[in-house]
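Listing of coords.cif; format and content: mmCIF, C-alpha atoms.
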```
data_structure
loop_
_atom_site.group_PDB
_atom_site.id
_atom_site.type_symbol
_atom_site.label_atom_id
_atom_site.label_comp_id
_atom_site.auth_asym_id
_atom_site.auth_seq_id
_atom_site.Cartn_x
_atom_site.Cartn_y
_atom_site.Cartn_z
ATOM 1 C CA MET A 1 2.386 14.464 -15.024
ATOM 2 C CA GLN A 2 3.404 12.581 -11.886
ATOM 3 C CA LYS A 3 3.063 8.805 -12.148
ATOM 4 C CA TYR A 4 2.904 6.498 -9.136
ATOM 5 C CA THR A 5 2.570 2.806 -8.340
ATOM 6 C CA ILE A 6 1.050 2.146 -4.922
ATOM 7 C CA LEU A 7 2.280 -1.008 -3.151
ATOM 8 C CA ASP A 8 0.782 -3.000 -0.315
ATOM 9 C CA THR A 9 1.631 -6.467 0.959
ATOM 10 C CA GLU A 10 0.262 -8.992 3.401
ATOM 11 C CA MET A 11 2.534 -11.357 5.288
ATOM 12 C CA VAL A 12 2.538 -14.012 7.976
ATOM 13 C CA PHE A 13 5.049 -15.224 10.535
ATOM 14 C CA ASP A 14 6.742 -18.394 9.349
ATOM 15 C CA ARG A 15 6.875 -21.032 12.078
ATOM 16 C CA TYR A 16 10.253 -22.449 11.096
ATOM 17 C CA LEU A 17 11.936 -19.041 10.848
ATOM 18 C CA THR A 18 10.446 -17.982 14.179
ATOM 19 C CA GLU A 19 11.544 -21.125 15.997
ATOM 20 C CA ALA A 20 14.986 -21.117 14.351
ATOM 21 C CA TYR A 21 15.772 -17.622 15.572
ATOM 22 C CA GLN A 22 14.475 -18.382 19.045
ATOM 23 C CA GLU A 23 16.767 -21.411 19.090
ATOM 24 C CA ILE A 24 19.877 -19.267 18.544
ATOM 25 C CA ASN A 25 18.631 -16.352 20.649
ATOM 26 C CA PRO A 26 16.282 -17.691 23.353
ATOM 27 C CA ASP A 27 16.413 -14.399 25.291
ATOM 28 C CA CYS A 28 14.588 -12.623 22.467
ATOM 29 C CA HIS A 29 10.850 -12.892 23.108
ATOM 30 C CA LYS A 30 9.800 -10.685 20.213
ATOM 31 C CA THR A 31 9.228 -12.249 16.806
ATOM 32 C CA ARG A 32 11.664 -10.640 14.404
ATOM 33 C CA ILE A 33 10.735 -9.094 11.044
ATOM 34 C CA ALA A 34 12.938 -11.634 9.249
ATOM 35 C CA ALA A 35 10.489 -14.342 10.328
ATOM 36 C CA ARG A 36 7.787 -12.859 8.115
ATOM 37 C CA LYS A 37 6.967 -14.357 4.730
ATOM 38 C CA LEU A 38 4.922 -12.672 2.017
ATOM 39 C CA ASN A 39 1.635 -14.189 0.945
ATOM 40 C CA MET A 40 0.105 -11.300 -0.996
ATOM 41 C CA ILE A 41 1.227 -8.288 -3.044
ATOM 42 C CA ALA A 42 -1.018 -5.627 -4.602
ATOM 43 C CA LEU A 43 -0.130 -2.747 -6.930
ATOM 44 C CA LEU A 44 -2.219 0.195 -8.133
ATOM 45 C CA ASP A 45 -1.127 2.750 -10.742
ATOM 46 C CA ILE A 46 -2.303 6.343 -10.485
ATOM 47 C CA SER A 47 -1.257 9.555 -12.228
ATOM 48 C CA ILE A 48 -1.752 13.220 -11.312
ATOM 49 C CA ASP A 49 -1.478 15.849 -14.045
ATOM 50 C CA ASP A 50 -0.521 19.511 -13.711
ATOM 51 C CA LEU A 51 -4.181 20.499 -13.258
ATOM 52 C CA GLY A 52 -4.641 18.113 -10.351
ATOM 53 C CA ARG A 53 -6.667 15.592 -12.334
ATOM 54 C CA ILE A 54 -6.437 11.972 -11.213
ATOM 55 C CA SER A 55 -6.104 9.023 -13.575
ATOM 56 C CA VAL A 56 -6.449 5.576 -12.038
ATOM 57 C CA GLY A 57 -4.534 2.876 -13.861
ATOM 58 C CA LYS A 58 -4.392 -0.865 -13.462
ATOM 59 C CA LEU A 59 -5.040 -2.613 -10.146
ATOM 60 C CA ARG A 60 -3.441 -6.069 -9.869
ATOM 61 C CA SER A 61 -2.403 -8.514 -7.175
ATOM 62 C CA TRP A 62 -0.664 -11.823 -6.592
ATOM 63 C CA THR A 63 -1.056 -14.397 -3.817
ATOM 64 C CA THR A 64 0.574 -17.622 -2.686
ATOM 65 C CA GLU A 65 -2.689 -19.536 -3.005
ATOM 66 C CA HIS A 66 -1.374 -21.475 -6.026
ATOM 67 C CA GLN A 67 2.335 -20.561 -6.060
ATOM 68 C CA ASP A 68 5.156 -20.130 -3.603
ATOM 69 C CA GLU A 69 6.558 -16.872 -2.270
ATOM 70 C CA GLY A 70 9.404 -16.822 -4.808
ATOM 71 C CA ALA A 71 7.153 -17.179 -7.854
ATOM 72 C CA MET A 72 4.773 -14.530 -6.554
ATOM 73 C CA LEU A 73 7.625 -12.133 -5.814
ATOM 74 C CA SER A 74 9.213 -12.712 -9.221
ATOM 75 C CA ALA A 75 5.943 -11.838 -10.976
ATOM 76 C CA ALA A 76 5.520 -8.658 -8.929
ATOM 77 C CA PHE A 77 9.142 -7.633 -9.552
ATOM 78 C CA ASP A 78 8.690 -8.104 -13.318
ATOM 79 C CA ASP A 79 5.639 -5.865 -13.153
ATOM 80 C CA LEU A 80 7.546 -3.167 -11.254
ATOM 81 C CA ARG A 81 10.394 -3.279 -13.781
ATOM 82 C CA ALA A 82 7.845 -2.645 -16.519
ATOM 83 C CA SER A 83 6.698 0.405 -14.501
ATOM 84 C CA ALA A 84 10.167 1.773 -13.825
ATOM 85 C CA ASP A 85 9.090 5.287 -14.846
ATOM 86 C CA ARG A 86 6.694 5.395 -11.902
ATOM 87 C CA THR A 87 7.503 6.328 -8.305
ATOM 88 C CA LEU A 88 6.754 3.462 -5.935
ATOM 89 C CA VAL A 89 4.592 4.607 -3.008
ATOM 90 C CA THR A 90 4.054 2.879 0.334
ATOM 91 C CA TYR A 91 2.859 3.854 3.768
ATOM 92 C CA GLY A 92 5.489 2.676 6.249
ATOM 93 C CA GLY A 93 7.006 0.502 3.540
ATOM 94 C CA SER A 94 10.605 1.485 4.171
ATOM 95 C CA ALA A 95 10.398 -0.154 7.594
ATOM 96 C CA MET A 96 8.204 -3.130 6.703
ATOM 97 C CA ASP A 97 7.078 -3.989 3.147
ATOM 98 C CA ALA A 98 10.380 -3.121 1.458
ATOM 99 C CA LYS A 99 12.437 -4.857 4.148
ATOM 100 C CA VAL A 100 10.460 -8.087 3.961
ATOM 101 C CA MET A 101 10.632 -7.976 0.156
ATOM 102 C CA GLU A 102 14.407 -7.550 0.351
ATOM 103 C CA LEU A 103 14.703 -10.542 2.683
ATOM 104 C CA ALA A 104 12.411 -12.602 0.464
ATOM 105 C CA ALA A 105 14.463 -11.633 -2.605
ATOM 106 C CA MET A 106 17.589 -12.896 -0.837
ATOM 107 C CA SER A 107 15.817 -16.162 -0.036
ATOM 108 C CA HIS A 108 14.830 -16.718 -3.658
ATOM 109 C CA ASP A 109 17.919 -15.277 -5.399
ATOM 110 C CA LEU A 110 15.968 -12.473 -7.087
ATOM 111 C CA ALA A 111 17.284 -9.058 -8.117
ATOM 112 C CA LEU A 112 15.207 -6.177 -6.794
ATOM 113 C CA PRO A 113 13.294 -3.934 -9.224
ATOM 114 C CA PRO A 114 14.790 -0.435 -9.634
ATOM 115 C CA GLN A 115 12.272 1.178 -7.276
ATOM 116 C CA LEU A 116 13.611 -0.896 -4.371
ATOM 117 C CA VAL A 117 17.338 -0.794 -5.114
ATOM 118 C CA GLN A 118 18.987 1.402 -2.508
ATOM 119 C CA ALA A 119 20.994 4.403 -3.699
ATOM 120 C CA PHE A 120 24.032 3.374 -1.675
ATOM 121 C CA GLY A 121 24.078 -0.153 -3.070
ATOM 122 C CA PRO A 122 26.711 -1.539 -5.448
ATOM 123 C CA ARG A 123 24.953 0.156 -8.369
ATOM 124 C CA THR A 124 23.906 3.656 -7.501
ATOM 125 C CA VAL A 125 20.473 4.555 -8.847
ATOM 126 C CA ARG A 126 18.057 7.385 -8.289
ATOM 127 C CA PRO A 127 15.744 6.550 -5.368
ATOM 128 C CA ALA A 128 12.235 5.898 -6.636
ATOM 129 C CA HIS A 129 10.394 4.919 -3.453
ATOM 130 C CA LEU A 130 8.244 7.386 -1.521
ATOM 131 C CA ASP A 131 7.268 6.272 1.972
ATOM 132 C CA ILE A 132 4.491 8.683 2.985
ATOM 133 C CA ASN A 133 4.826 7.814 6.658
ATOM 134 C CA ALA A 134 8.550 8.611 6.649
ATOM 135 C CA ALA A 135 7.894 11.816 4.694
ATOM 136 C CA MET A 136 5.317 12.970 7.262
ATOM 137 C CA LYS A 137 7.617 12.132 10.173
ATOM 138 C CA GLY A 138 10.525 14.101 8.722
ATOM 139 C CA PHE A 139 13.048 14.875 11.447
ATOM 140 C CA GLY A 140 10.471 14.545 14.230
ATOM 141 C CA LYS A 141 9.704 11.569 16.450
ATOM 142 C CA THR A 142 6.005 11.071 15.711
ATOM 143 C CA TRP A 143 4.884 8.203 13.492
ATOM 144 C CA HIS A 144 1.250 8.160 12.370
ATOM 145 C CA HIS A 145 -0.562 4.941 11.570
ATOM 146 C CA LEU A 146 -2.302 5.080 8.199
ATOM 147 C CA SER A 147 -5.655 4.596 9.928
ATOM 148 C CA GLU A 148 -5.049 7.732 12.003
ATOM 149 C CA VAL A 149 -4.392 9.785 8.886
ATOM 150 C CA LEU A 150 -7.452 8.421 7.097
ATOM 151 C CA ILE A 151 -9.750 9.090 10.044
ATOM 152 C CA ARG A 152 -8.355 12.613 10.367
ATOM 153 C CA ILE A 153 -9.226 13.394 6.731
ATOM 154 C CA GLY A 154 -12.721 11.971 7.088
ATOM 155 C CA ILE A 155 -12.576 8.434 5.711
ATOM 156 C CA PRO A 156 -15.361 6.343 7.328
ATOM 157 C CA VAL A 157 -14.302 4.189 10.254
ATOM 158 C CA ALA A 158 -16.290 1.303 8.748
ATOM 159 C CA LEU A 159 -13.868 1.230 5.824
ATOM 160 C CA ILE A 160 -10.776 0.820 7.978
ATOM 161 C CA ARG A 161 -12.144 -0.931 11.064
ATOM 162 C CA ASP A 162 -10.588 -4.287 10.139
ATOM 163 C CA LYS A 163 -7.387 -2.844 8.718
ATOM 164 C CA ALA A 164 -5.222 -4.033 11.604
ATOM 165 C CA ASN A 165 -6.857 -7.471 11.705
ATOM 166 C CA PRO A 166 -7.469 -8.753 8.182
ATOM 167 C CA ASP A 167 -9.127 -12.117 7.611
ATOM 168 C CA LEU A 168 -6.045 -14.134 6.783
ATOM 169 C CA PRO A 169 -6.573 -16.871 4.201
ATOM 170 C CA PHE A 170 -4.717 -19.518 6.201
ATOM 171 C CA GLU A 171 -7.259 -18.920 8.987
ATOM 172 C CA THR A 172 -10.444 -18.604 6.945
ATOM 173 C CA GLY A 173 -9.616 -20.273 3.632
ATOM 174 C CA ASN A 174 -11.056 -17.192 1.896
ATOM 175 C CA TRP A 175 -8.301 -15.954 -0.392
ATOM 176 C CA ASP A 176 -10.623 -13.598 -2.265
ATOM 177 C CA LEU A 177 -11.466 -11.721 0.929
ATOM 178 C CA ALA A 178 -7.785 -11.446 1.839
ATOM 179 C CA ARG A 179 -6.912 -10.253 -1.672
ATOM 180 C CA GLN A 180 -9.604 -7.578 -1.478
ATOM 181 C CA HIS A 181 -8.187 -6.396 1.843
ATOM 182 C CA CYS A 182 -4.729 -6.004 0.311
ATOM 183 C CA GLU A 183 -6.045 -4.267 -2.805
ATOM 184 C CA LEU A 184 -8.194 -1.916 -0.726
ATOM 185 C CA ASP A 185 -5.079 -0.865 1.181
ATOM 186 C CA THR A 186 -3.545 0.396 -2.073
ATOM 187 C CA LEU A 187 -6.597 2.636 -2.531
ATOM 188 C CA LEU A 188 -6.343 3.920 1.041
ATOM 189 C CA THR A 189 -2.636 4.623 0.572
ATOM 190 C CA ALA A 190 -3.418 6.489 -2.657
ATOM 191 C CA ILE A 191 -5.918 8.646 -0.752
ATOM 192 C CA ALA A 192 -3.225 9.458 1.812
ATOM 193 C CA LEU A 193 -0.809 10.267 -1.018
ATOM 194 C CA VAL A 194 -3.034 12.892 -2.635
ATOM 195 C CA ALA A 195 -3.773 14.451 0.762
ATOM 196 C CA TRP A 196 -0.035 14.665 1.482
ATOM 197 C CA ARG A 197 0.685 16.118 -1.946
ATOM 198 C CA ARG A 198 -2.030 18.721 -1.469
ATOM 199 C CA ILE A 199 -0.551 20.045 1.785
ATOM 200 C CA GLN A 200 2.872 20.271 0.175
ATOM 201 C CA GLY A 201 1.459 23.125 -1.910
ATOM 202 C CA ASP A 202 0.098 21.493 -5.070
ATOM 203 C CA PRO A 203 -2.001 24.451 -6.319
ATOM 204 C CA CYS A 204 -4.553 22.488 -8.361
ATOM 205 C CA LEU A 205 -5.049 19.345 -6.295
ATOM 206 C CA ARG A 206 -8.093 19.159 -4.018
ATOM 207 C CA ILE A 207 -8.519 16.295 -1.558
ATOM 208 C CA PRO A 208 -12.314 15.673 -1.872
ATOM 209 C CA GLU A 209 -12.305 15.651 -5.680
ATOM 210 C CA ALA A 210 -9.141 13.528 -5.816
ATOM 211 C CA THR A 211 -10.525 11.027 -3.293
ATOM 212 C CA PHE A 212 -13.756 10.720 -5.306
ATOM 213 C CA ALA A 213 -11.762 10.007 -8.484
ATOM 214 C CA LEU A 214 -9.614 7.384 -6.755
ATOM 215 C CA ILE A 215 -12.645 5.547 -5.382
ATOM 216 C CA ASP A 216 -14.339 5.731 -8.777
ATOM 217 C CA GLY A 217 -11.307 4.239 -10.528
ATOM 218 C CA TYR A 218 -11.074 1.474 -7.943
ATOM 219 C CA LEU A 219 -14.743 0.509 -8.211
ATOM 220 C CA ARG A 220 -14.619 0.437 -12.015
ATOM 221 C CA GLN A 221 -12.065 -2.361 -11.712
ATOM 222 C CA ARG A 222 -13.603 -4.066 -8.674
ATOM 223 C CA PRO A 223 -17.376 -3.600 -9.111
ATOM 224 C CA GLU A 224 -18.085 -6.558 -6.814
ATOM 225 C CA ALA A 225 -15.867 -5.288 -3.978
ATOM 226 C CA ILE A 226 -17.225 -6.133 -0.535
ATOM 227 C CA ALA A 227 -16.598 -2.526 0.499
ATOM 228 C CA ARG A 228 -18.572 -1.124 -2.455
ATOM 229 C CA SER A 229 -21.516 0.218 -0.442
ATOM 230 C CA ILE A 230 -19.221 2.011 2.006
ATOM 231 C CA LEU A 231 -17.126 3.460 -0.817
ATOM 232 C CA GLU A 232 -20.201 4.649 -2.703
ATOM 233 C CA GLY A 233 -21.523 6.235 0.472
ATOM 234 C CA GLU A 234 -18.226 8.067 0.868
ATOM 235 C CA GLN A 235 -18.482 9.293 -2.720
ATOM 236 C CA THR A 236 -21.946 10.701 -1.998
ATOM 237 C CA GLY A 237 -20.589 12.521 1.042
ATOM 238 C CA LEU A 238 -17.677 13.905 -0.977
ATOM 239 C CA LEU A 239 -20.012 15.238 -3.673
ATOM 240 C CA GLU A 240 -22.171 16.944 -1.059
ATOM 241 C CA LYS A 241 -19.070 18.553 0.415
ATOM 242 C CA VAL A 242 -17.801 19.777 -2.954
ATOM 243 C CA PHE A 243 -21.158 21.203 -4.036
ATOM 244 C CA GLY A 244 -21.727 22.711 -0.604
ATOM 245 C CA GLU A 245 -18.423 24.531 -0.716
ATOM 246 C CA ALA A 246 -19.142 25.712 -4.270
ATOM 247 C CA ALA A 247 -22.520 27.095 -3.189
ATOM 248 C CA GLU A 248 -20.948 28.962 -0.273
ATOM 249 C CA ALA A 249 -18.273 30.424 -2.552
ATOM 250 C CA ALA A 250 -20.960 31.649 -4.968
#
```
As structure tokens, the full file:
Amino acid sequence: MQKYTILDTEMVFDRYLTEAYQEINPDCHKTRIAARKLNMIALLDISIDDLGRISVGKLRSWTTEHQDEGAMLSAAFDDLRASADRTLVTYGGSAMDAKVMELAAMSHDLALPPQLVQAFGPRTVRPAHLDINAAMKGFGKTWHHLSEVLIRIGIPVALIRDKANPDLPFETGNWDLARQHCELDTLLTAIALVAWRRIQGDPCLRIPEATFALIDGYLRQRPEAIARSILEGEQTGLLEKVFGEAAEAA
């Protein structure tokens, strides 16, 4: 049994941090990653057994709607420590999510959970963070955006159309919509994870069946999700594909 916790975050550029860095380095016209502050964190647990069966665990998220970045981060870190037996999974997280979380932890004097502690740090630990994007890149030079991967494996464009431009709560005042966007990204990352595991030679895992199970587990916990109709439509298409392939094989 392989156990995973999928992580996604949302963040915004902090005005003070941006202006402070520009003050000391006016020749830099690109906003640096250290100027980002977290305003949302989502986690989703999934497990894959030796027969390729998917179990979808708890979906949870935190925002800065009613607490500051430090309090939100502390709560998420406590949750990750309680899930220390699970591999943390991100898409591109080693270059973005994990880095911003490290910087935020420094700001708020918080120790990182074991999944984010680097193996060459003062206390050597076994790495427990899988960045799918880095794994797919390997020693090559090509980075794929998550949306590219999802489109390539057949996920509807309607589901990921707004992925690069989420409705940010400080712009719309709609924290629920922003939270759903962040939580949905954990589902999409989980779909990419099972597809990646399948091509690595997992003999029992099948992408359509696994994707159906992931969507089903997500909707059981978020029955009022704004993307429900699109997700259910994708499930219908997946069933037709599975049964069609079974009929051809017979």
Exercise. So which residues touch A:Ile160 within 10 Å, counting all atoms listed in the file, skipping near sequence neighbours fewer than 4 positions away, as an MDAnalysis selection string?
Worked result: chainID A and resid 146:148 150:151 155:156 164:165 181 184:185 188
For this session: Pick out the closest residue to A:Asp176 from this set: A:Arg32, A:His129, A:Lys141, A:Arg222. Count only C-alpha atoms.
Result: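 The closest residue to A:Asp176 is A:Arg222.
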Exercise. Looking at A:Leu130, A:Leu17, A:Ala76, A:Leu116, which one is nearest to A:Arg197, with distances taken over only C-alpha atoms?
Worked result: A:Leu130
Problem set entry | Distance in Å - atom CA of A:Asp216 versus atom CA of A:Gly237 |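 Taking atom CA of A:Asp216 as the start and atom CA of A:Gly237 as the end point, the length is 13.5 Å.
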For this session: Could you tell me how far atom CA of A:Ala98 lies from atom CA of A:Arg161, in Å and to one decimal?
Result: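 Computing the Euclidean distance for atom CA of A:Ala98 and atom CA of A:Arg161 yields 24.6 Å.
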Problem set entry | Near-stretch 57-72 of chain A list (8 Å; all atoms listed in the file; drop same-chain fewer than 5 positions) as a list in words | Lys37, Leu38, Asn39, Met40, Ile41, Ala42, Leu43, Leu44, Asp45, Ile46, Ser47, Ala104, Ala105, His108, Trp175, Arg179, Glu183, Gly217, Tyr218 and Gln221 of chain A
Kindly list the centre and edge lengths in Å, rounded to one decimal, for the axis-aligned box that covers all listed atoms of stretch 177-185 of chain A plus 4 Å on each of its six sides, as JSON.
```
{"center_x": -8.1, "center_y": -6.3, "center_z": -0.5, "size_x": 14.7, "size_y": 18.9, "size_z": 12.6}
```
Problem set entry | Length of the atom CA of A:Ala210 to atom CA of A:Lys137 vector [Å] | 23.2 Å
For this session: Give the answer as one residue: which of A:Ile207, A:Ile230, A:Leu219, A:Ala128 has the shortest atom-to-atom distance to A:Thr87, using all atoms listed in the file?
Result: A:Ala128
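Excluding A:Arg53 itself and same-chain residues fewer than 4 positions from it, the residues having an atom within 12 Å of it are A:Met1, A:Gln2, A:Lys3, A:Ile46, A:Ser47, A:Ile48, A:Asp49, A:Val194, A:Asp202, A:Pro203, A:Cys204, A:Leu205, A:Arg206, A:Ile207, A:Pro208, A:Glu209, A:Ala210, A:Thr211, A:Phe212, A:Ala213, A:Leu214, counting all atoms listed in the file.
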Please identify all polymer residues within 7 Å of A:Cys182, counting all atoms listed in the file, omitting same-chain residues fewer than 6 positions from it, and present them as a PDB file with C-alpha atoms, in the frame of the given file.
```
ATOM      1  CA  ASP A   8       0.782  -3.000  -0.315  1.00  0.00           C
ATOM      2  CA  THR A   9       1.631  -6.467   0.959  1.00  0.00           C
ATOM      3  CA  GLU A  10       0.262  -8.992   3.401  1.00  0.00           C
ATOM      4  CA  ALA A  42      -1.018  -5.627  -4.602  1.00  0.00           C
TER       5      ALA A  42
END
```
